[in-house]
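Engineer: Sharing a structure with you now.
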2 protein chains.
Amino acid sequence: MDLDVLFVGTAGSAPSARRGLPATLVRRGGERLLFDCGEGTQRQLIRSVGLVEIDEVFITHFHADHVLGLPGMLKTYGLQGRTRPLSVYGPRGLTRLFEILRPLVGRTPFEVEVREVDAGDELSRDGYVLAAFAVDHRVPAFGWALVEHERPGVFSPDRAEALGILPGPAFGRLQRGESVAGADGEVRPEQVMGEPRAGRKLVITGDTAPCEMTAAVAHEADLLVHEATFLDEEAERARATGHSTAGEAARIAAQARVRMLALTHVSARHMAGAIRDEARAAFTPTIVPRDFDRVLLPFAERGGPEHLREDER
Amino acid sequence: MDLDVLFVGTAGSAPSARRGLPATLVRRGGERLLFDCGEGTQRQLIRSVGLVEIDEVFITHFHADHVLGLPGMLKTYGLQGRTRPLSVYGPRGLTRLFEILRPLVGRTPFEVEVREVDAGDELSRDGYVLAAFAVDHRVPAFGWALVEHERPGVFSPDRAEALGILPGPAFGRLQRGESVAGADGEVRPEQVMGEPRAGRKLVITGDTAPCEMTAAVAHEADLLVHEATFLDEEAERARATGHSTAGEAARIAAQARVRMLALTHVSARHMAGAIRDEARAAFTPTIVPRDFDRVLLPFAERGGPEHLREDER
């Protein structure tokens, strides 16, 4: 099951020539999940993977730079004749936001399901959960964590045959967790299956000051996408505005022992190199992706997260 | 007095990889006038001339693709600490639009003056008027015409001296339209000034079916910026949706005897070359500008409109 992250917009607050407003696309198998939808997101998608029919949009909070791309994207889906429903999840207030946006969007030929959730809510999906967790911003704001279920261990045909099981339907039953009759009595799955294997974990903070909740939720995540609006020398301003410095984000990543840290919400005031260098001093596996960069998240046994630069595709 | 047009966004309805949503920047001397403000306009400006402090925005109509860039642009001006007021003009309903947008924008540190106008209204400016004229779209919609005042003719120092006027303050008085005493009695300005010279005229239609009003208002305009959402083979669809074909726009331009026609509101379904070719069959001086192309509009005596491609700058 492929899992990757496409950085659709990596600017914060205002766009720059190179960076669009916040949006992150997560692709898992055939699913397309969009986290935040800043102004221009539909065009950023068109410029990269195409305006794919996203099934679910997850909003972190209602600041304009994270949501103003919604009405235009819905409008364009309508022009395309989309009929598949679209669900939008976000903090309480989402219904009110859509009341505001509705006259701008007009009628759509598809249903838009607006779902308010609370911090701590988990949305159950096939093979994973999506959890909203409270972060620390100027307004109620969520991070979102995608946490895959544990996978069964690896089935050993050799061990099964040694216990007198012949290749065939019995192999399948053992792998699905059923016991079967062997040469010397019953064979239980745990006799022929390896240790359960961890699923993957991906955490996207949205806008937040550094907070313990992020460190806890992101514990041993494969990828933490954390905002880094400021540098350490601006820590006071970061506090006043409910944002993080690159160094603070890196220290959260180190505390959580994530495998890779991707910094976003990059201000046009800073060079990406300065943000990266400050973060790497505290946490080496840090990247500052450009728009349209991707991070591939293979299962752990197949290697670590891999950063693919847009211009290397 | 320099006058040029920057094509900020030349797509219609939905953006494409190459074309942003409708926005056209007119620069006259130090003035910056924006016509329509589709989603992504602030970033298109940042990518070209920078997010200059636009004084006035003129909306043609309230379809989403023409206005959804307003809240984000106002928001970013606020982040920049703008204090200069911004005026927005548009058809009746503009106040209601701003009531809808207000909660998305929040408070701004500068005043936003919302001014509803009627078709036929003329806004008087230093050296020109801006006129809103009714076009033919599915909803009430304006085109906008920028019409410069006539300029005085060219002063002839030789003729003045021949009439006994010495170079000095009397030259200035004659050029300002006053009579002065000469060697053989009073010298009137018309004796030493050439014919009054025409000002320039620039017309932007917004979305519209081909209509007589456009042809009348654009009579002998230096530049007509006309929409061309369809090709002639789709004329039926153009009628149903209140839009124009490239051929129709060209025939309006030919009828109005404009100096140059620039086609915008380009659909991603069409190659710009097909639009251009269809229009040129009816009106040769047609261009289909790309985003960030400019058209310079010198005074007539200094030459015709000049199309500068973005990649030629």
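A note on labels: chains of the structure tokens are A, B, ... as shown, every chain counts residues from 1, and ligands are counted from 1 in their shown order.
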Within 6 Å of chain B, which residues belong to chain A? Use only C-alpha atoms and report them as number ranges by chain.
Structural biologist: A: 14-15, 17, 40, 43, 46-47, 76
Engineer: DSSP on the backbone: which residues in segment 44-165 of chain A end up as helix (DSSP H, G or I)? Give the answer as a PyMOL selection string.
Structural biologist: chain A and resi 44-46+64-67+70-79+94-105+157-162
Engineer: So which residues touch Leu224 of chain A within 9 Å, counting only C-alpha atoms, skipping near sequence neighbours fewer than 2 positions away, as JSON, numbers by chain?
Structural biologist: {"A": [201, 202, 203, 204, 205, 218, 221, 222, 226, 253, 258, 259, 260, 261, 262, 263]}
Engineer: Please return as number ranges by chain: the residues of segment 154-238 of chain B that backbone DSSP assigns to strand (DSSP E).
Structural biologist: B: 180-182, 185-187, 201-204, 223-227
Engineer: Those same residues - N, CA, C and O atoms - I'd like them written as a PDB file, in the first residue's frame.
Structural biologist:
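Okay, this is what ended up in selection.pdb:
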```pdb
ATOM      1  N   VAL B 180      -2.300  86.624 -24.711  1.00  0.00           N
ATOM      2  CA  VAL B 180      -1.257  87.543 -24.228  1.00  0.00           C
ATOM      3  C   VAL B 180      -1.077  88.648 -25.283  1.00  0.00           C
ATOM      4  O   VAL B 180      -1.492  88.510 -26.440  1.00  0.00           O
ATOM      5  N   ALA B 181      -0.443  89.741 -24.870  1.00  0.00           N
ATOM      6  CA  ALA B 181      -0.222  90.856 -25.790  1.00  0.00           C
ATOM      7  C   ALA B 181       0.989  90.580 -26.669  1.00  0.00           C
ATOM      8  O   ALA B 181       2.067  90.222 -26.171  1.00  0.00           O
ATOM      9  N   GLY B 182       0.833  90.758 -28.001  1.00  0.00           N
ATOM     10  CA  GLY B 182       1.944  90.542 -28.942  1.00  0.00           C
ATOM     11  C   GLY B 182       2.326  91.852 -29.606  1.00  0.00           C
ATOM     12  O   GLY B 182       1.859  92.933 -29.201  1.00  0.00           O
ATOM     13  N   GLY B 185      -0.876  93.462 -31.339  1.00  0.00           N
ATOM     14  CA  GLY B 185      -2.133  93.253 -30.615  1.00  0.00           C
ATOM     15  C   GLY B 185      -2.168  91.886 -29.945  1.00  0.00           C
ATOM     16  O   GLY B 185      -1.143  91.199 -29.831  1.00  0.00           O
ATOM     17  N   GLU B 186      -3.375  91.492 -29.493  1.00  0.00           N
ATOM     18  CA  GLU B 186      -3.544  90.277 -28.691  1.00  0.00           C
ATOM     19  C   GLU B 186      -3.238  89.016 -29.507  1.00  0.00           C
ATOM     20  O   GLU B 186      -3.643  88.918 -30.670  1.00  0.00           O
ATOM     21  N   VAL B 187      -2.550  88.076 -28.884  1.00  0.00           N
ATOM     22  CA  VAL B 187      -2.321  86.756 -29.497  1.00  0.00           C
ATOM     23  C   VAL B 187      -3.146  85.728 -28.729  1.00  0.00           C
ATOM     24  O   VAL B 187      -3.055  85.641 -27.500  1.00  0.00           O
ATOM     25  N   LYS B 201      -7.784  55.322 -25.188  1.00  0.00           N
ATOM     26  CA  LYS B 201      -8.975  54.619 -24.715  1.00  0.00           C
ATOM     27  C   LYS B 201      -8.667  53.127 -24.585  1.00  0.00           C
ATOM     28  O   LYS B 201      -8.100  52.522 -25.499  1.00  0.00           O
ATOM     29  N   LEU B 202      -9.039  52.598 -23.447  1.00  0.00           N
ATOM     30  CA  LEU B 202      -8.813  51.192 -23.124  1.00  0.00           C
ATOM     31  C   LEU B 202     -10.137  50.626 -22.624  1.00  0.00           C
ATOM     32  O   LEU B 202     -10.751  51.204 -21.725  1.00  0.00           O
ATOM     33  N   VAL B 203     -10.560  49.512 -23.180  1.00  0.00           N
ATOM     34  CA  VAL B 203     -11.853  48.934 -22.805  1.00  0.00           C
ATOM     35  C   VAL B 203     -11.671  47.471 -22.397  1.00  0.00           C
ATOM     36  O   VAL B 203     -11.018  46.700 -23.112  1.00  0.00           O
ATOM     37  N   ILE B 204     -12.237  47.114 -21.259  1.00  0.00           N
ATOM     38  CA  ILE B 204     -12.156  45.749 -20.731  1.00  0.00           C
ATOM     39  C   ILE B 204     -13.581  45.248 -20.559  1.00  0.00           C
ATOM     40  O   ILE B 204     -14.364  45.852 -19.812  1.00  0.00           O
ATOM     41  N   LEU B 223      -6.996  49.815 -27.222  1.00  0.00           N
ATOM     42  CA  LEU B 223      -6.968  48.390 -26.882  1.00  0.00           C
ATOM     43  C   LEU B 223      -8.338  47.963 -26.380  1.00  0.00           C
ATOM     44  O   LEU B 223      -8.904  48.605 -25.485  1.00  0.00           O
ATOM     45  N   LEU B 224      -8.832  46.881 -26.936  1.00  0.00           N
ATOM     46  CA  LEU B 224     -10.049  46.241 -26.428  1.00  0.00           C
ATOM     47  C   LEU B 224      -9.645  44.888 -25.859  1.00  0.00           C
ATOM     48  O   LEU B 224      -9.091  44.043 -26.573  1.00  0.00           O
ATOM     49  N   VAL B 225      -9.884  44.723 -24.557  1.00  0.00           N
ATOM     50  CA  VAL B 225      -9.645  43.431 -23.909  1.00  0.00           C
ATOM     51  C   VAL B 225     -11.002  42.742 -23.833  1.00  0.00           C
ATOM     52  O   VAL B 225     -11.885  43.178 -23.079  1.00  0.00           O
ATOM     53  N   HIS B 226     -11.187  41.732 -24.634  1.00  0.00           N
ATOM     54  CA  HIS B 226     -12.507  41.095 -24.779  1.00  0.00           C
ATOM     55  C   HIS B 226     -12.382  39.626 -24.398  1.00  0.00           C
ATOM     56  O   HIS B 226     -11.371  38.987 -24.677  1.00  0.00           O
ATOM     57  N   GLU B 227     -13.393  39.105 -23.775  1.00  0.00           N
ATOM     58  CA  GLU B 227     -13.367  37.678 -23.456  1.00  0.00           C
ATOM     59  C   GLU B 227     -13.584  36.836 -24.714  1.00  0.00           C
ATOM     60  O   GLU B 227     -14.225  37.282 -25.678  1.00  0.00           O
TER      61      GLU B 227
END
```
Engineer: Could you check which of A:Glu122, A:Glu195, A:Glu278, A:Glu233 is closest to Ala246 of chain A, using only C-alpha atoms?
Structural biologist: A:Glu278
Engineer: Which distance in Å separates atom CA of Ala300 of chain B and atom CA of Ala145 of chain B, to one decimal?
Structural biologist: 17.6 Å
Engineer: By how many Å are atom CA of Ala183 of chain A and atom CA of Glu161 of chain A apart?
Structural biologist: 9.5 Å
Engineer: Compile the contact shell of Leu123 of chain A as a VMD selection string: residues with an atom at most 12 Å away, counting only C-alpha atoms, same-chain residues fewer than 4 positions apart removed.
Structural biologist: chain A and resid 56 58 89 to 90 115 to 119 127 to 133 144 to 148
Engineer: Set the distance at 8 Å and use only C-alpha atoms: which residues neighbour Leu86 of chain A once local chain neighbours fewer than 6 positions away are removed? I'd like the list as an mmCIF file with all heavy atoms, in the first residue's frame.
Structural biologist:
```cif
data_model
loop_
_atom_site.group_PDB
_atom_site.id
_atom_site.type_symbol
_atom_site.label_atom_id
_atom_site.label_comp_id
_atom_site.auth_asym_id
_atom_site.auth_seq_id
_atom_site.Cartn_x
_atom_site.Cartn_y
_atom_site.Cartn_z
ATOM 1 N N ILE A 54 -10.636 14.725 -4.879
ATOM 2 C CA ILE A 54 -10.310 14.484 -3.475
ATOM 3 C C ILE A 54 -11.589 14.075 -2.746
ATOM 4 O O ILE A 54 -12.641 14.668 -2.965
ATOM 5 C CB ILE A 54 -9.703 15.767 -2.885
ATOM 6 C CG1 ILE A 54 -8.287 15.940 -3.451
ATOM 7 C CG2 ILE A 54 -9.711 15.754 -1.374
ATOM 8 C CD1 ILE A 54 -7.784 17.341 -3.356
ATOM 9 N N ASP A 55 -11.487 13.034 -1.906
ATOM 10 C CA ASP A 55 -12.668 12.558 -1.189
ATOM 11 C C ASP A 55 -12.896 13.302 0.104
ATOM 12 O O ASP A 55 -14.032 13.502 0.522
ATOM 13 C CB ASP A 55 -12.509 11.065 -0.859
ATOM 14 C CG ASP A 55 -12.439 10.236 -2.124
ATOM 15 O OD1 ASP A 55 -13.398 10.302 -2.898
ATOM 16 O OD2 ASP A 55 -11.419 9.558 -2.341
ATOM 17 N N GLU A 56 -11.795 13.667 0.743
ATOM 18 C CA GLU A 56 -11.934 14.232 2.077
ATOM 19 C C GLU A 56 -10.929 15.364 2.257
ATOM 20 O O GLU A 56 -9.767 15.247 1.866
ATOM 21 C CB GLU A 56 -11.680 13.152 3.125
ATOM 22 C CG GLU A 56 -12.653 11.979 2.987
ATOM 23 C CD GLU A 56 -12.518 10.974 4.111
ATOM 24 O OE1 GLU A 56 -11.398 10.432 4.289
ATOM 25 O OE2 GLU A 56 -13.517 10.740 4.810
ATOM 26 N N VAL A 57 -11.415 16.434 2.843
ATOM 27 C CA VAL A 57 -10.564 17.579 3.163
ATOM 28 C C VAL A 57 -10.575 17.743 4.680
ATOM 29 O O VAL A 57 -11.644 17.692 5.301
ATOM 30 C CB VAL A 57 -11.071 18.867 2.491
ATOM 31 C CG1 VAL A 57 -10.174 20.055 2.841
ATOM 32 C CG2 VAL A 57 -11.156 18.692 0.971
ATOM 33 N N PHE A 110 -22.705 17.955 -6.613
ATOM 34 C CA PHE A 110 -22.310 16.864 -5.714
ATOM 35 C C PHE A 110 -22.557 17.344 -4.283
ATOM 36 O O PHE A 110 -22.646 18.545 -4.026
ATOM 37 C CB PHE A 110 -20.837 16.493 -5.914
ATOM 38 C CG PHE A 110 -19.893 17.645 -5.701
ATOM 39 C CD1 PHE A 110 -19.284 17.848 -4.476
ATOM 40 C CD2 PHE A 110 -19.623 18.552 -6.724
ATOM 41 C CE1 PHE A 110 -18.426 18.925 -4.273
ATOM 42 C CE2 PHE A 110 -18.767 19.623 -6.538
ATOM 43 C CZ PHE A 110 -18.168 19.811 -5.308
ATOM 44 N N GLU A 111 -22.650 16.377 -3.395
ATOM 45 C CA GLU A 111 -22.935 16.726 -2.007
ATOM 46 C C GLU A 111 -21.647 17.090 -1.278
ATOM 47 O O GLU A 111 -20.609 16.444 -1.472
ATOM 48 C CB GLU A 111 -23.591 15.530 -1.311
ATOM 49 C CG GLU A 111 -24.206 15.889 0.030
ATOM 50 C CD GLU A 111 -24.717 14.657 0.783
ATOM 51 O OE1 GLU A 111 -24.779 13.568 0.154
ATOM 52 O OE2 GLU A 111 -25.021 14.775 1.975
ATOM 53 N N VAL A 112 -21.694 18.153 -0.491
ATOM 54 C CA VAL A 112 -20.566 18.501 0.369
ATOM 55 C C VAL A 112 -20.986 18.198 1.806
ATOM 56 O O VAL A 112 -21.908 18.823 2.332
ATOM 57 C CB VAL A 112 -20.178 19.984 0.227
ATOM 58 C CG1 VAL A 112 -19.006 20.316 1.151
ATOM 59 C CG2 VAL A 112 -19.836 20.313 -1.223
ATOM 60 N N GLU A 113 -20.345 17.211 2.383
ATOM 61 C CA GLU A 113 -20.669 16.843 3.766
ATOM 62 C C GLU A 113 -19.732 17.585 4.712
ATOM 63 O O GLU A 113 -18.511 17.428 4.613
ATOM 64 C CB GLU A 113 -20.519 15.326 3.951
ATOM 65 C CG GLU A 113 -21.550 14.544 3.139
ATOM 66 C CD GLU A 113 -21.192 13.069 2.982
ATOM 67 O OE1 GLU A 113 -19.983 12.751 2.931
ATOM 68 O OE2 GLU A 113 -22.116 12.255 2.915
#
```
Engineer: Using only C-alpha atoms, determine which residues lie at most 12 Å from Met1 of chain B, disregarding the query and same-chain residues fewer than 5 positions distant; provide the list as a list in words.
Structural biologist: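 Residues meeting the cut-off are Arg27, Arg28, Gly29, Gly30, Glu31, Asp126, Gly127, Tyr128, Glu148, Arg151, Gly199, Arg200, Leu296, Leu297, Pro298, Phe299 and Arg302 of chain B.
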Engineer: Keeping all heavy atoms, export the residues of the selection given above as a compact mmCIF listing (two decimals), in the first residue's frame.
Structural biologist:
```txt
# COMPACT_ATOMS: atom_id res chain seq x y z
N ARG B 27 -1.80 50.19 -15.42
CA ARG B 27 -0.90 51.15 -14.77
C ARG B 27 -0.88 52.43 -15.60
O ARG B 27 -0.58 52.39 -16.79
CB ARG B 27 0.50 50.55 -14.66
CG ARG B 27 0.49 49.26 -13.85
CD ARG B 27 1.86 48.72 -13.61
NE ARG B 27 2.43 48.13 -14.82
CZ ARG B 27 3.54 47.40 -14.85
NH1 ARG B 27 4.20 47.18 -13.73
NH2 ARG B 27 3.98 46.91 -15.97
N ARG B 28 -1.22 53.52 -14.98
CA ARG B 28 -1.21 54.81 -15.68
C ARG B 28 -0.44 55.78 -14.79
O ARG B 28 -0.88 56.10 -13.68
CB ARG B 28 -2.63 55.31 -15.92
CG ARG B 28 -2.67 56.62 -16.72
CD ARG B 28 -4.11 57.07 -17.00
NE ARG B 28 -4.11 58.27 -17.83
CZ ARG B 28 -3.97 59.52 -17.35
NH1 ARG B 28 -3.83 59.73 -16.06
NH2 ARG B 28 -3.96 60.55 -18.19
N GLY B 29 0.71 56.24 -15.26
CA GLY B 29 1.57 57.04 -14.39
C GLY B 29 1.81 56.25 -13.12
O GLY B 29 2.20 55.09 -13.18
N GLY B 30 1.54 56.84 -11.97
CA GLY B 30 1.75 56.13 -10.71
C GLY B 30 0.53 55.38 -10.22
O GLY B 30 0.54 54.78 -9.15
N GLU B 31 -0.55 55.41 -10.99
CA GLU B 31 -1.79 54.76 -10.54
C GLU B 31 -1.81 53.28 -10.90
O GLU B 31 -1.29 52.89 -11.94
CB GLU B 31 -3.01 55.44 -11.18
CG GLU B 31 -3.25 56.85 -10.67
CD GLU B 31 -4.46 57.47 -11.36
OE1 GLU B 31 -4.30 58.00 -12.48
OE2 GLU B 31 -5.55 57.40 -10.77
N ASP B 126 -8.15 62.31 -12.60
CA ASP B 126 -7.26 63.34 -13.11
C ASP B 126 -6.77 62.94 -14.51
O ASP B 126 -5.90 62.09 -14.64
CB ASP B 126 -6.07 63.50 -12.16
CG ASP B 126 -5.15 64.64 -12.59
OD1 ASP B 126 -5.57 65.47 -13.43
OD2 ASP B 126 -4.01 64.70 -12.10
N GLY B 127 -7.38 63.50 -15.53
CA GLY B 127 -6.92 63.24 -16.90
C GLY B 127 -7.71 62.19 -17.65
O GLY B 127 -7.45 61.95 -18.82
N TYR B 128 -8.65 61.55 -16.98
CA TYR B 128 -9.44 60.52 -17.67
C TYR B 128 -10.74 60.25 -16.92
O TYR B 128 -10.91 60.73 -15.79
CB TYR B 128 -8.63 59.23 -17.83
CG TYR B 128 -8.27 58.53 -16.53
CD1 TYR B 128 -9.04 57.47 -16.05
CD2 TYR B 128 -7.17 58.93 -15.78
CE1 TYR B 128 -8.72 56.82 -14.87
CE2 TYR B 128 -6.83 58.28 -14.60
CZ TYR B 128 -7.61 57.24 -14.15
OH TYR B 128 -7.29 56.62 -12.97
N GLU B 148 -9.18 58.67 -21.72
CA GLU B 148 -8.42 59.87 -21.36
C GLU B 148 -9.03 61.12 -21.99
O GLU B 148 -9.60 61.07 -23.09
CB GLU B 148 -6.97 59.73 -21.84
CG GLU B 148 -6.16 58.74 -21.02
CD GLU B 148 -4.71 58.69 -21.45
OE1 GLU B 148 -4.41 59.01 -22.62
OE2 GLU B 148 -3.88 58.32 -20.61
N ARG B 151 -5.90 65.93 -25.12
CA ARG B 151 -4.75 66.73 -24.69
C ARG B 151 -4.66 67.98 -25.57
O ARG B 151 -5.05 67.94 -26.75
CB ARG B 151 -3.46 65.93 -24.84
CG ARG B 151 -3.37 64.75 -23.89
CD ARG B 151 -2.25 63.84 -24.32
NE ARG B 151 -2.52 63.25 -25.62
CZ ARG B 151 -1.60 62.95 -26.53
NH1 ARG B 151 -0.34 63.22 -26.28
NH2 ARG B 151 -1.94 62.42 -27.68
N GLY B 199 -6.90 61.62 -26.45
CA GLY B 199 -6.36 60.80 -25.37
C GLY B 199 -6.46 59.34 -25.78
O GLY B 199 -6.89 59.03 -26.89
N ARG B 200 -6.07 58.47 -24.87
CA ARG B 200 -6.13 57.04 -25.19
C ARG B 200 -7.40 56.42 -24.62
O ARG B 200 -8.01 56.95 -23.69
CB ARG B 200 -4.89 56.35 -24.62
CG ARG B 200 -3.63 56.80 -25.33
CD ARG B 200 -2.39 56.49 -24.53
NE ARG B 200 -2.31 57.28 -23.30
CZ ARG B 200 -1.21 57.38 -22.55
NH1 ARG B 200 -0.10 56.74 -22.89
NH2 ARG B 200 -1.21 58.11 -21.45
N LEU B 296 1.77 47.82 -24.00
CA LEU B 296 2.08 49.24 -23.80
C LEU B 296 1.17 50.06 -24.70
O LEU B 296 0.96 49.71 -25.87
CB LEU B 296 3.53 49.55 -24.18
CG LEU B 296 4.62 48.67 -23.59
CD1 LEU B 296 5.99 49.23 -23.96
CD2 LEU B 296 4.47 48.57 -22.08
N LEU B 297 0.64 51.16 -24.15
CA LEU B 297 -0.26 52.01 -24.93
C LEU B 297 0.32 53.42 -24.99
O LEU B 297 -0.03 54.28 -24.19
CB LEU B 297 -1.65 52.02 -24.28
CG LEU B 297 -2.37 50.67 -24.29
CD1 LEU B 297 -3.62 50.71 -23.42
CD2 LEU B 297 -2.74 50.29 -25.71
N PRO B 298 1.23 53.66 -25.93
CA PRO B 298 1.79 55.01 -26.06
C PRO B 298 0.74 55.94 -26.65
O PRO B 298 -0.26 55.49 -27.20
CB PRO B 298 2.95 54.80 -27.04
CG PRO B 298 2.57 53.61 -27.84
CD PRO B 298 1.74 52.73 -26.94
N PHE B 299 0.96 57.24 -26.52
CA PHE B 299 0.10 58.19 -27.24
C PHE B 299 0.21 57.90 -28.72
O PHE B 299 1.28 57.49 -29.21
CB PHE B 299 0.53 59.63 -26.94
CG PHE B 299 0.16 60.07 -25.55
CD1 PHE B 299 1.14 60.41 -24.63
CD2 PHE B 299 -1.18 60.14 -25.16
CE1 PHE B 299 0.80 60.81 -23.34
CE2 PHE B 299 -1.52 60.55 -23.88
CZ PHE B 299 -0.53 60.88 -22.97
N ARG B 302 3.09 58.52 -30.96
CA ARG B 302 4.35 57.82 -30.67
C ARG B 302 4.30 56.36 -31.12
O ARG B 302 5.21 55.58 -30.83
CB ARG B 302 4.67 57.88 -29.18
CG ARG B 302 4.81 59.31 -28.71
CD ARG B 302 5.60 59.45 -27.43
NE ARG B 302 5.47 60.84 -26.97
CZ ARG B 302 5.34 61.20 -25.70
NH1 ARG B 302 5.35 60.29 -24.76
NH2 ARG B 302 5.22 62.47 -25.37
```
